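First the structure, in the form of structure tokens, and then the observations on it.
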Amino acid sequence: MAGKSVTTSRRGILRAGLAAGVALPAAALSARAQGGPDPLITEVQDWARYTGEGVDETPYGLPIRFESDVVRRNVPWLTADPISSINFTPIHALDGTITPAGCAFERHHSGAIELAKPDYRLMVNGLVDRPLVFTYEDLERFPRHSGVYFCECAANTGMEWAGAQLNGSQFTHGMIHNMEYVGIPLKTLLDEAGVKPEGKWIYVEGADASSNGRSIPIEKALDDCMVAFKANGEALRKEHGYPARLVVPGWEGNLWVKWLRRIEVTDGPVESREETSKYTDTLADGTSRKWTWVMDAKSVVTAPSPQVPIRHGNGPLVITGLAWSGRGAITRVDVSVDGGKTWKTARLAAPGQPMQMTRFWLDHDWQGEEMLLQSRAMDDTGYVQPTKSALRAIRGENSVYHNNAIQTWWIKQDGSAENVEVS
Ligand SMILES: Nc1nc2c(c(=O)[nH]1)N[C@H]1C(S)=C(S)[C@@H](COP(=O)(O)O)O[C@H]1N2
Ligand SMILES: [Mo]
């Protein structure tokens, strides 16, 4: 295949594809190579005849215009207004594991605020020996730490509890991003203030009107939480909490307080709105689970999928997706093309790392058959991502948050895809 495609232009493939309908019979693959000289390879093109743009044209670059559909999108009916809303990462169009900040999902309860570094203050108070207030410059002088972590909203995939609903991995699984953070361990600041023995929890607040206050057990706060000021090498974007946010590895996105302004050490949880009426999981009998902080192992095939139909006809098909676990590292991802009857182990782009996204690929020989495409993640605690029916048997159908069930895409003979459930 690779050898043949060298003698075939991309345009040639498209032309043959149109003539033959969408599914391209194997014979057409060799015929297209005999379509005569391809000017794109035999003729000098404009981009080689004239000079390109100078280095002074683009002090800070955006993606080339041909990629303008790789953007965040929202689901208009989901929330009443854009101020308290969410958009979704275009995971269907990305590869690798790092999410570019410019298209990493945003979730705000009262809009993205603009908070300048000189106006930034971070207070540590409550059950501490020395209540302290830090400026942004103070934070920059503590020993630094870095780490790549996924941040997943607990509501990711929440619209799929009752049935298959949204057509695209961007919408079903795009409330997630995975970035490289630089900042300082939260422990450093807590040690600086001196946590009193009766300090068992912290309460963290943002500077925005919503404040998004959440309680976190002191063990987690002292373990791996970070006050981050850089993501993917650059300052946090406004929408991700500039100039500093909390990073709570493996735990639900709601705890990752943006525009972090206050950390109060307390002897118990505050039981704020965000951890009582929201971010709790109502079960079938009407009772609710709370303190469901950890994001369980989960995966999704990002392509092919409803937004990424198969357009290239029969033969080699790259099936790809993402897997992650808040409990540890992804050790294995299996892919099924028959709705979970049989499984093949996918290739991991790199060995899974704790609380980071893992990319998987499965190289498949597609002969135009319908597929019920699924992926199933496993982590180093031995946990296996559940089917939808297994999850519903335990959690019922009243939940919004923490839906980590196996996703199914129905790939049709024409290469298009639809969100479905298998029983
Ligand atoms: N201050 C503040 N922090 C916040 C929020 C907010 O509205 N205000 N939203 C939370 C929620 S629900 C999620 S899922 C994550 C989203 O982070 P992101 O906007 O970087 O994607 O931020 C959390 N931190
Ligand atoms: Mo969230």
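By order of appearance in the structure tokens: chains A, B, ..., then residues from 1 within every chain, and ligands from 1 in the order shown.
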Write out as a Markdown table a residue-level contact list of chain A versus ligand 2 with cut-off 7 Å: for each qualifying residue the closest pair of atoms and the distance in Å to one decimal, counting only C-alpha atoms and all ligand atoms, rows sorted by chain and residue number upward.
| residue | atom | partner | partner_atom_place_in_ligand_line | distance |
| --- | --- | --- | --- | --- |
| A:Arg107 | CA | ligand 2 | 1 (Mo) | 6.2 |
| A:Cys153 | CA | ligand 2 | 1 (Mo) | 3.8 |
| A:Ala154 | CA | ligand 2 | 1 (Mo) | 5.4 |
| A:Ala155 | CA | ligand 2 | 1 (Mo) | 6.0 |
| A:Gly253 | CA | ligand 2 | 1 (Mo) | 5.0 |
| A:Asn254 | CA | ligand 2 | 1 (Mo) | 4.4 |
Can you write out the residues you just picked, keeping C-alpha atoms, as a PDB file, in the first residue's frame?
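Generated output (out_18.pdb):
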ATOM      1  CA  ARG A 107     -16.065  24.948  31.773  1.00  0.00           C
ATOM      2  CA  CYS A 153     -15.145  17.183  33.868  1.00  0.00           C
ATOM      3  CA  ALA A 154     -17.153  14.713  35.941  1.00  0.00           C
ATOM      4  CA  ALA A 155     -20.028  15.401  33.527  1.00  0.00           C
ATOM      5  CA  GLY A 253     -12.275  18.629  36.823  1.00  0.00           C
ATOM      6  CA  ASN A 254     -14.547  20.553  39.171  1.00  0.00           C
TER       7      ASN A 254
END
Mind checking which residues fall within 9 Å of segment 264-274 of chain A, counting only C-alpha atoms, ignoring those fewer than 6 positions away in the same chain, and posting them as JSON, numbers by chain? {"A": [123, 124, 125, 126, 127, 128, 190, 195, 196, 198, 199, 200, 201, 202, 203, 204, 205, 212, 213, 214, 215, 216, 217, 218, 254, 280]}
Restricted to N, CA, C and O atoms, what would the selected residues look like written as a compact mmCIF listing (two decimals), in the first residue's frame?
# COMPACT_ATOMS: atom_id res chain seq x y z
N MET A 123 -4.48 33.43 49.12
CA MET A 123 -4.48 33.40 50.58
C MET A 123 -4.52 31.95 51.06
O MET A 123 -5.26 31.13 50.54
N VAL A 124 -3.71 31.65 52.08
CA VAL A 124 -3.79 30.37 52.78
C VAL A 124 -4.17 30.71 54.22
O VAL A 124 -3.43 31.44 54.91
N ASN A 125 -5.33 30.24 54.66
CA ASN A 125 -5.78 30.59 56.02
C ASN A 125 -6.46 29.40 56.67
O ASN A 125 -6.38 28.28 56.17
N GLY A 126 -7.11 29.62 57.79
CA GLY A 126 -7.78 28.54 58.50
C GLY A 126 -6.86 27.93 59.55
O GLY A 126 -6.14 28.65 60.24
N LEU A 127 -6.86 26.60 59.61
CA LEU A 127 -6.12 25.89 60.65
C LEU A 127 -4.63 25.79 60.28
O LEU A 127 -4.11 24.71 59.99
N VAL A 128 -3.99 26.97 60.28
CA VAL A 128 -2.56 27.02 59.96
C VAL A 128 -1.85 27.86 61.03
O VAL A 128 -2.46 28.67 61.71
N LEU A 190 1.33 24.86 51.73
CA LEU A 190 0.72 24.44 52.99
C LEU A 190 1.80 24.31 54.07
O LEU A 190 1.59 24.70 55.23
N VAL A 195 0.36 23.54 58.53
CA VAL A 195 -0.97 22.97 58.80
C VAL A 195 -1.03 22.46 60.23
O VAL A 195 -0.14 21.71 60.66
N LYS A 196 -2.03 22.88 60.99
CA LYS A 196 -2.19 22.42 62.37
C LYS A 196 -2.67 20.97 62.37
O LYS A 196 -3.31 20.53 61.40
N GLU A 198 -5.13 19.52 63.61
CA GLU A 198 -6.56 19.31 63.40
C GLU A 198 -7.00 19.67 61.97
O GLU A 198 -8.15 19.49 61.60
N GLY A 199 -6.08 20.13 61.15
CA GLY A 199 -6.39 20.44 59.74
C GLY A 199 -6.47 19.18 58.92
O GLY A 199 -5.45 18.57 58.60
N LYS A 200 -7.69 18.76 58.56
CA LYS A 200 -7.88 17.49 57.86
C LYS A 200 -8.35 17.68 56.41
O LYS A 200 -8.36 16.74 55.62
N TRP A 201 -8.84 18.85 56.10
CA TRP A 201 -9.34 19.13 54.76
C TRP A 201 -8.85 20.51 54.33
O TRP A 201 -8.42 21.30 55.18
N ILE A 202 -8.93 20.78 53.04
CA ILE A 202 -8.78 22.16 52.59
C ILE A 202 -10.04 22.53 51.81
O ILE A 202 -10.72 21.65 51.27
N TYR A 203 -10.34 23.83 51.81
CA TYR A 203 -11.44 24.35 51.00
C TYR A 203 -10.82 25.33 50.02
O TYR A 203 -10.14 26.27 50.44
N VAL A 204 -11.00 25.07 48.73
CA VAL A 204 -10.33 25.89 47.71
C VAL A 204 -11.36 26.70 46.93
O VAL A 204 -12.44 26.20 46.59
N GLU A 205 -11.01 27.95 46.67
CA GLU A 205 -11.93 28.88 46.00
C GLU A 205 -11.24 29.61 44.86
O GLU A 205 -10.04 29.92 44.96
N ASN A 212 -16.60 28.59 42.77
CA ASN A 212 -16.44 27.15 42.55
C ASN A 212 -15.78 26.45 43.74
O ASN A 212 -14.88 25.62 43.59
N GLY A 213 -16.21 26.79 44.95
CA GLY A 213 -15.54 26.25 46.15
C GLY A 213 -15.71 24.75 46.31
O GLY A 213 -16.81 24.23 46.16
N ARG A 214 -14.59 24.09 46.63
CA ARG A 214 -14.62 22.64 46.84
C ARG A 214 -13.75 22.24 48.03
O ARG A 214 -12.71 22.84 48.28
N SER A 215 -14.14 21.17 48.68
CA SER A 215 -13.37 20.60 49.79
C SER A 215 -12.51 19.45 49.25
O SER A 215 -12.99 18.66 48.43
N ILE A 216 -11.29 19.37 49.75
CA ILE A 216 -10.37 18.30 49.34
C ILE A 216 -9.69 17.75 50.62
O ILE A 216 -9.21 18.54 51.44
N PRO A 217 -9.65 16.43 50.78
CA PRO A 217 -8.96 15.87 51.95
C PRO A 217 -7.48 16.28 51.97
O PRO A 217 -6.85 16.36 50.91
N ILE A 218 -6.97 16.52 53.16
CA ILE A 218 -5.59 17.02 53.29
C ILE A 218 -4.57 16.03 52.69
O ILE A 218 -3.55 16.44 52.15
N ASN A 254 -13.95 19.52 38.32
CA ASN A 254 -14.55 20.55 39.17
C ASN A 254 -13.63 20.97 40.33
O ASN A 254 -13.72 22.09 40.84
N THR A 280 -22.58 15.11 42.76
CA THR A 280 -22.90 13.88 43.49
C THR A 280 -23.70 13.02 42.51
O THR A 280 -24.25 13.54 41.53
I'd like the interatomic distance between atom CA of Val75 of chain A and atom CA of Tyr149 of chain A, to a tenth of an Å.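 Separation of atom CA of Val75 of chain A and atom CA of Tyr149 of chain A: 25.4 Å.
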Test item: residues no farther than 6 Å from ligand 1, counting only C-alpha atoms and all ligand atoms, as a VMD selection string: chain A and resid 105 to 110 153 206 208 211 to 212 239 to 240 253 to 259
Would you pick out the contacts of Pro143 of chain A at 12 Å or less, using only C-alpha atoms, so that residues sharing its chain but fewer than 2 positions from it are not included, and give the list as JSON, numbers by chain? {"A": [138, 139, 140, 141, 145, 146, 182, 183, 184, 185, 186, 187, 188, 189, 226, 227]}
Store the residues picked out above, limited to all heavy atoms, as a short mmCIF file (atom, residue, chain, number, x, y, z; two decimals), in the first residue's frame.
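Output contents, as saved in selection_8.cif:
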data_model
loop_
_atom_site.label_atom_id
_atom_site.label_comp_id
_atom_site.auth_asym_id
_atom_site.auth_seq_id
_atom_site.Cartn_x
_atom_site.Cartn_y
_atom_site.Cartn_z
N ASP A 138 5.62 35.92 44.24
CA ASP A 138 6.00 35.01 45.33
C ASP A 138 5.95 33.56 44.84
O ASP A 138 6.87 32.78 45.10
CB ASP A 138 5.04 35.13 46.53
CG ASP A 138 5.12 36.49 47.22
OD1 ASP A 138 6.16 37.15 47.10
OD2 ASP A 138 4.12 36.87 47.87
N LEU A 139 4.86 33.22 44.16
CA LEU A 139 4.68 31.83 43.71
C LEU A 139 5.84 31.41 42.81
O LEU A 139 6.33 30.29 42.90
CB LEU A 139 3.36 31.67 42.95
CG LEU A 139 2.07 31.89 43.74
CD1 LEU A 139 0.86 31.55 42.86
CD2 LEU A 139 2.04 31.06 45.01
N GLU A 140 6.28 32.34 41.95
CA GLU A 140 7.33 32.01 41.00
C GLU A 140 8.68 31.72 41.65
O GLU A 140 9.58 31.20 40.99
CB GLU A 140 7.52 33.17 40.00
CG GLU A 140 6.48 33.18 38.93
CD GLU A 140 6.86 34.13 37.82
OE1 GLU A 140 7.30 35.26 38.13
OE2 GLU A 140 6.74 33.76 36.64
N ARG A 141 8.82 32.06 42.94
CA ARG A 141 10.13 31.89 43.58
C ARG A 141 10.25 30.59 44.38
O ARG A 141 11.32 30.27 44.88
CB ARG A 141 10.42 33.10 44.46
CG ARG A 141 10.54 34.36 43.61
CD ARG A 141 10.72 35.61 44.44
NE ARG A 141 11.96 35.56 45.21
CZ ARG A 141 12.27 36.43 46.17
NH1 ARG A 141 11.42 37.39 46.46
NH2 ARG A 141 13.39 36.33 46.82
N HIS A 145 7.79 22.42 39.91
CA HIS A 145 7.44 21.02 39.69
C HIS A 145 6.67 20.98 38.37
O HIS A 145 6.01 21.95 38.02
CB HIS A 145 6.56 20.56 40.86
CG HIS A 145 6.04 19.18 40.72
ND1 HIS A 145 6.84 18.07 40.89
CD2 HIS A 145 4.80 18.72 40.44
CE1 HIS A 145 6.10 16.98 40.71
NE2 HIS A 145 4.87 17.34 40.44
N SER A 146 6.77 19.87 37.65
CA SER A 146 5.98 19.77 36.41
C SER A 146 5.34 18.39 36.32
O SER A 146 5.79 17.43 36.97
CB SER A 146 6.84 20.03 35.18
OG SER A 146 7.58 18.87 34.85
N VAL A 182 3.35 23.36 34.69
CA VAL A 182 4.47 23.75 35.54
C VAL A 182 3.91 24.66 36.62
O VAL A 182 3.07 25.52 36.35
CB VAL A 182 5.58 24.47 34.74
CG1 VAL A 182 6.62 25.07 35.69
CG2 VAL A 182 6.25 23.52 33.77
N GLY A 183 4.35 24.42 37.84
CA GLY A 183 3.89 25.24 38.95
C GLY A 183 4.64 24.83 40.18
O GLY A 183 5.81 24.41 40.10
N ILE A 184 3.97 24.91 41.32
CA ILE A 184 4.62 24.48 42.57
C ILE A 184 3.70 23.51 43.28
O ILE A 184 2.48 23.60 43.14
CB ILE A 184 4.97 25.69 43.47
CG1 ILE A 184 3.73 26.53 43.75
CG2 ILE A 184 6.03 26.55 42.80
CD1 ILE A 184 4.00 27.70 44.65
N PRO A 185 4.30 22.55 44.00
CA PRO A 185 3.43 21.62 44.74
C PRO A 185 2.59 22.39 45.76
O PRO A 185 3.09 23.31 46.42
CB PRO A 185 4.43 20.70 45.45
CG PRO A 185 5.72 20.84 44.71
CD PRO A 185 5.72 22.25 44.19
N LEU A 186 1.33 22.03 45.88
CA LEU A 186 0.47 22.65 46.88
C LEU A 186 1.05 22.45 48.28
O LEU A 186 0.95 23.31 49.15
CB LEU A 186 -0.94 22.06 46.78
CG LEU A 186 -1.99 22.59 47.75
CD1 LEU A 186 -2.13 24.10 47.64
CD2 LEU A 186 -3.32 21.91 47.51
N LYS A 187 1.71 21.31 48.46
CA LYS A 187 2.34 20.99 49.76
C LYS A 187 3.31 22.09 50.19
O LYS A 187 3.40 22.43 51.38
CB LYS A 187 3.07 19.64 49.66
CG LYS A 187 3.71 19.18 50.94
CD LYS A 187 4.37 17.82 50.77
CE LYS A 187 4.84 17.22 52.09
NZ LYS A 187 5.71 18.08 52.88
N THR A 188 4.04 22.64 49.23
CA THR A 188 5.01 23.69 49.55
C THR A 188 4.33 24.87 50.24
O THR A 188 4.82 25.39 51.25
CB THR A 188 5.72 24.16 48.26
OG1 THR A 188 6.28 23.02 47.61
CG2 THR A 188 6.81 25.18 48.55
N LEU A 189 3.18 25.28 49.70
CA LEU A 189 2.48 26.44 50.27
C LEU A 189 1.87 26.09 51.62
O LEU A 189 1.88 26.91 52.56
CB LEU A 189 1.39 26.93 49.33
CG LEU A 189 1.88 27.44 47.96
CD1 LEU A 189 0.71 27.94 47.14
CD2 LEU A 189 2.93 28.53 48.14
N MET A 226 -1.07 20.55 42.63
CA MET A 226 -0.14 21.61 42.20
C MET A 226 -0.87 22.92 42.05
O MET A 226 -2.03 22.94 41.64
CB MET A 226 0.39 21.29 40.79
CG MET A 226 1.58 20.43 40.68
SD MET A 226 1.82 20.04 38.91
CE MET A 226 2.60 21.54 38.33
N VAL A 227 -0.19 24.00 42.34
CA VAL A 227 -0.67 25.32 41.92
C VAL A 227 0.11 25.62 40.64
O VAL A 227 1.32 25.84 40.67
CB VAL A 227 -0.41 26.40 42.98
CG1 VAL A 227 -0.83 27.77 42.47
CG2 VAL A 227 -1.16 26.04 44.27
#
